[in-house]
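Asks: Provided herewith is a single structure, encoded as structure tokens, for subsequent inquiry.
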Amino acid sequence: MAELQFREAIREAIDEEMAREEKVFIMGEEVAEYNGAYKATEGLLDKYGYKRVIDTPISELGFSGIGVGAAMNGLRPIVEFMTFNFAVLALDQIINHASKAGYMTGGQISMPIVFRGPNASAGQLGATHSVAYDSMYAQFPGLKVIYTSEPDDAKGLLKSAIRDDNPVIFMESEQMYGMKGEVSEEEDYIIPIGKGKVKREGSDVTIVAHGKMYHVAKKAAAQLEKDGVDAEIIDPRTVKPLDLPLIVESIKKTNRCVVVDEAHPFAGFAAEIGFLIQREAFDYLDAPVQRVTLPDVNAPFAKNLFDAWLPDAKQVIDAVNQVTYRN
Amino acid sequence: MAKKKKDEINFAPRGIGDEKDGAVQKGVDLPSPTRKKHKSLGLSEDDLKAMYEQMYLQRRFEERAMQQYQKGKFGGFLHLYIGQEAISTGTVFALNDDDDIITAYRDHGWGLCRGITPNEGMAELFGKKTGCSKGKGGSMHFAKTENHFWGGYGIVGGHIPIGGGLAFANKYNDNGRISATFFGDGAVDQGALHETFNIAQLWGLPAIFVVENNGYSMGTAARRHTVAEIVDRAKGYGMKSKVVNGMDVFSVYEAMKEVSEDVRENSEPYFLEIRTYRYRGHSMSDPQKYRTKEELEEYQKNDPIERLKTYLLDEDILSEKEIEEIDEKVEQEVLDAVEFADNSDFPDESALYEDMFAEDEPYFHN
Ligand SMILES: Cc1ncc(C[n+]2csc(CCOP(=O)(O)OP(=O)(O)O)c2C)c(N)n1
Ligand SMILES: [Mg+2]
């Protein structure tokens, strides 16, 4: 194992896949000369040159579409968004084209493209820079959606995403890029898309959390342990396809579940997991599933409001107390 | 045709990688400033004093804001307008007070110019309830709609069509007002600009579209992210256009006066490329490796505030001492604003749910 920052794990994955396959290239705003807005692509321009590491203008719709066309025509683009908040401008290409072209041409088109970048909020950046989009993408058939929480997952899953022959949405977080973690040094380290991971074993309650929220859940679990509650944390890692069996297996053991999700509550990841659990594990539940999400309001700027807005460990603990009837 | 050698293929603008050819790297070429003096521009001595005070206020407000940011008094992004003050000031003095202004996230100067008080502005940066946007928006979202300042917006290019929409409503209501929309050179590359230009020309919208070309879009020189001359974008739409020196408040004023009259009179859009330079990094976390110190200093020689100060002295409109008095007054105002912001309360927790819908007690999903 090697200790790597999240951004280094991302870079290694891209680097290894570019070295392995000539058709892989990366483009996005500030990815080349500036070495990446968050330094995830540092050094890649020097190594691969202007043909394969490409700075784009601020034209999200345009360069995403160029990625889609290039993918159709045999290349394997990695399209970086400075954040998925700006990918909103490219939704026509991602949703109307990338996710549908193969189907509507009767399978004549393949779409090996990765759209990646940070997702959700990153501190007090205001309403337009703070939205978690993973649930939204997962709503659309034809897309795979990954939102990782730790460097090891990021490396293994990004490599899989780049090799995948479908459009993959791969999400990171500005606030996690500097985070360190042990990363497998296995040669050609691959984590299959669609496989979740038990990140903490426990017997009293199952907490499902991915992306940045995994770290909130982890913090809550550490506190809960002191209070005598042994939480199991499942990080699905891939939002879609979802590793439902792993979650159900855990609930069969704990009989209680809290879902932590950084999206707004309506029809999001947490809602979907809640539904699936009642369908697949109804007889095992000792309490209704609870969720911790953002409230149904936009991100405020003010520090105190922002802190109240973002899910935190205390909210997770409260939800756990509720499902364990400890309050 | 001979096949191009593999290593010749690249997707970068011509000249890239050939750093000795400074043409690719340099910020912007400033056109010559106007030669006219204030009287022939229709500006009184009092106007000049007010212009000087306004520009100096914008500068000191941001310099103090930067200090407070570095002290950790507030978080988020902080994009400074320093160097570009002549554009907001020249524009606001040229337009009518009820003409509509909208801009991007580099918005502090615009807000101050359109009547956001230093107190309200600083408090917004601090995320306090006394801020111009009640602490809900922060640095990127200053707004004062009662003064027809519709705010700063953080999605690059997103507000360009909105500026067109402000003009649409003005034409619809036949109220004689026009709109002026400001954005950076980076925003020129967004489809939103092109769609809006076509519609604006098609429907005769009374709108001025202005690119504040400060040479860089984050770490990318304008010449590396966009082709040809930005001003020429207008040609494809049959839109009138002009390049203006944005380091000289008289030039901005003169152009805005002329253009606004034309737009108002003929109900037709106009595109201005105002060339300027941003002195500070893109935001507070920018190591600025993409430009040289020499380049920055070159543009600072054209500093808009120094330039006006020199004019005021040369024309015997103000003495050194009088200028000092203005400077001190501004300095005090800004220091007071910092204190005001610091002492103001954060918004009440209930504010989280306010301003979402028009109703007093709206539905929130839970
Ligand atoms: C749609 C979108 N893409 C990317 C960004 C990130 N971003 C913020 S400012 C900026 C550079 C814009 O430069 P420019 O338009 O020249 O304005 P300036 O900062 O020079 O005032 C970028 C890439 C964004 N805010 N919105
Ligand atoms: Mg710029």
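Just remember, in the structure tokens the first chain shown is A, the second B, etc., residues are 1-based per chain, and ligands are 1-based in the order shown.
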Taking only C-alpha atoms into account, which residues of chain B are within 6 Å of chain A, as number ranges by chain?
Replies: B: 9-11, 76, 127, 135-138, 189-190, 225, 352, 364-365
Asks: Give the alpha helix (DSSP H) residues of stretch 113-362 of chain B, as assigned by DSSP on the backbone, as a VMD selection string.
Replies: chain B and resid 113 118 to 125 159 to 173 191 to 203 222 to 225 249 to 266 293 to 300 304 to 314 320 to 343
Asks: Enumerate residues in contact with ligand 2: an atom-to-atom distance of at most 8 Å, counting only C-alpha atoms and all ligand atoms. Format the result as a PDB file with C-alpha atoms, in the first residue's frame.
Replies:
ATOM      1  CA  GLY B 184     -15.265  38.388 -18.795  1.00  0.00           C
ATOM      2  CA  ASP B 185     -13.274  37.324 -21.829  1.00  0.00           C
ATOM      3  CA  GLY B 186     -13.753  33.711 -20.764  1.00  0.00           C
ATOM      4  CA  GLU B 212     -14.299  43.271 -19.772  1.00  0.00           C
ATOM      5  CA  ASN B 213     -11.309  41.708 -21.469  1.00  0.00           C
ATOM      6  CA  ASN B 214      -8.734  41.621 -18.687  1.00  0.00           C
ATOM      7  CA  GLY B 215      -6.402  39.361 -20.589  1.00  0.00           C
ATOM      8  CA  TYR B 216      -7.045  36.193 -18.659  1.00  0.00           C
ATOM      9  CA  SER B 217      -9.688  33.654 -17.945  1.00  0.00           C
ATOM     10  CA  MET B 218      -8.409  32.131 -14.733  1.00  0.00           C
ATOM     11  CA  ALA B 222      -7.352  35.370 -23.711  1.00  0.00           C
ATOM     12  CA  ARG B 278      -6.702  42.373 -13.513  1.00  0.00           C
TER      13      ARG B 278
END
Asks: Which residues come within 7 Å of stretch 162-176 of chain B, counting only C-alpha atoms, excluding same-chain residues fewer than 2 positions away, as a ChimeraX atom specification?
Replies: /B:102,159-160,178-181,196,200,205-207,264
Asks: Kindly export the residues of the current selection with N, CA and C atoms, as a CSV table (one decimal), in the first residue's frame.
Replies:
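part.csv, written as the output of this step:
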chain,number,residue,atom,x,y,z
B,102,ILE,N,-26.1,44.3,-15.0
B,102,ILE,CA,-25.9,43.0,-14.5
B,102,ILE,C,-24.5,42.5,-14.8
B,159,HIS,N,-25.4,34.8,-17.2
B,159,HIS,CA,-26.2,36.0,-17.0
B,159,HIS,C,-26.3,36.8,-18.3
B,160,ILE,N,-25.6,36.3,-19.4
B,160,ILE,CA,-25.6,37.1,-20.6
B,160,ILE,C,-27.1,37.1,-21.2
B,178,ILE,N,-32.5,51.0,-20.8
B,178,ILE,CA,-31.7,50.0,-21.5
B,178,ILE,C,-31.0,49.1,-20.5
B,179,SER,N,-30.4,48.0,-21.0
B,179,SER,CA,-29.6,47.2,-20.0
B,179,SER,C,-28.2,47.1,-20.5
B,180,ALA,N,-27.3,46.9,-19.5
B,180,ALA,CA,-25.9,46.8,-19.8
B,180,ALA,C,-25.4,45.5,-19.1
B,181,THR,N,-24.8,44.6,-19.8
B,181,THR,CA,-24.4,43.3,-19.3
B,181,THR,C,-22.9,43.2,-19.4
B,196,THR,N,-27.6,34.6,-27.5
B,196,THR,CA,-28.2,35.9,-27.1
B,196,THR,C,-27.9,37.0,-28.1
B,200,ALA,N,-30.8,39.1,-29.7
B,200,ALA,CA,-30.9,40.5,-29.4
B,200,ALA,C,-30.9,41.4,-30.7
B,205,LEU,N,-33.2,44.3,-29.3
B,205,LEU,CA,-33.2,44.6,-27.9
B,205,LEU,C,-32.3,45.7,-27.5
B,206,PRO,N,-32.8,46.6,-26.6
B,206,PRO,CA,-32.0,47.8,-26.2
B,206,PRO,C,-31.0,47.3,-25.1
B,207,ALA,N,-29.9,46.7,-25.6
B,207,ALA,CA,-29.0,46.1,-24.7
B,207,ALA,C,-27.5,46.4,-25.1
B,264,ARG,N,-30.5,53.4,-26.9
B,264,ARG,CA,-31.7,53.9,-26.5
B,264,ARG,C,-32.6,54.4,-27.6
Asks: Assign secondary structure with DSSP using the backbone only, and return the residues of stretch 249-341 of chain B in strand (DSSP E) as a ChimeraX atom specification.
Replies: /B:270-275
Asks: Output N, CA, C and O atoms for every residue in that selection, as a short mmCIF file (atom, residue, chain, number, x, y, z; two decimals), in the first residue's frame.
Replies:
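The resulting file, part32.cif, is reproduced below:
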data_model
loop_
_atom_site.label_atom_id
_atom_site.label_comp_id
_atom_site.auth_asym_id
_atom_site.auth_seq_id
_atom_site.Cartn_x
_atom_site.Cartn_y
_atom_site.Cartn_z
N TYR B 270 -25.62 46.53 -28.85
CA TYR B 270 -24.28 47.02 -29.15
C TYR B 270 -23.31 46.13 -28.38
O TYR B 270 -23.60 45.72 -27.26
N PHE B 271 -22.17 45.83 -28.98
CA PHE B 271 -21.16 45.02 -28.29
C PHE B 271 -19.89 45.84 -28.10
O PHE B 271 -19.36 46.39 -29.05
N LEU B 272 -19.45 45.93 -26.87
CA LEU B 272 -18.21 46.64 -26.57
C LEU B 272 -17.18 45.66 -26.02
O LEU B 272 -17.48 44.85 -25.15
N GLU B 273 -15.98 45.77 -26.53
CA GLU B 273 -14.87 45.06 -25.90
C GLU B 273 -14.05 46.12 -25.16
O GLU B 273 -13.40 46.95 -25.79
N ILE B 274 -14.14 46.10 -23.86
CA ILE B 274 -13.37 47.06 -23.08
C ILE B 274 -12.14 46.33 -22.55
O ILE B 274 -12.25 45.33 -21.84
N ARG B 275 -10.99 46.82 -22.94
CA ARG B 275 -9.75 46.12 -22.57
C ARG B 275 -9.19 46.69 -21.27
O ARG B 275 -9.12 47.89 -21.06
#
Asks: Could you check how far atom CA of B:Glu295 sits from atom 15 (O, counted along the ligand's line) of ligand 1, in Å to one decimal?
Replies: 19.6 Å
Asks: State, in Å with one decimal place, the distance from atom CA of B:Met66 to atom CA of B:Asn245.
Replies: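 Distance between the two atoms: 26.6 Å.
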Asks: Provide the atom CA of B:Pro347 to atom CA of B:Lys128 distance in Å, to one decimal place.
Replies: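 We find that atom CA of B:Pro347 and atom CA of B:Lys128 lie 5.9 Å from each other.
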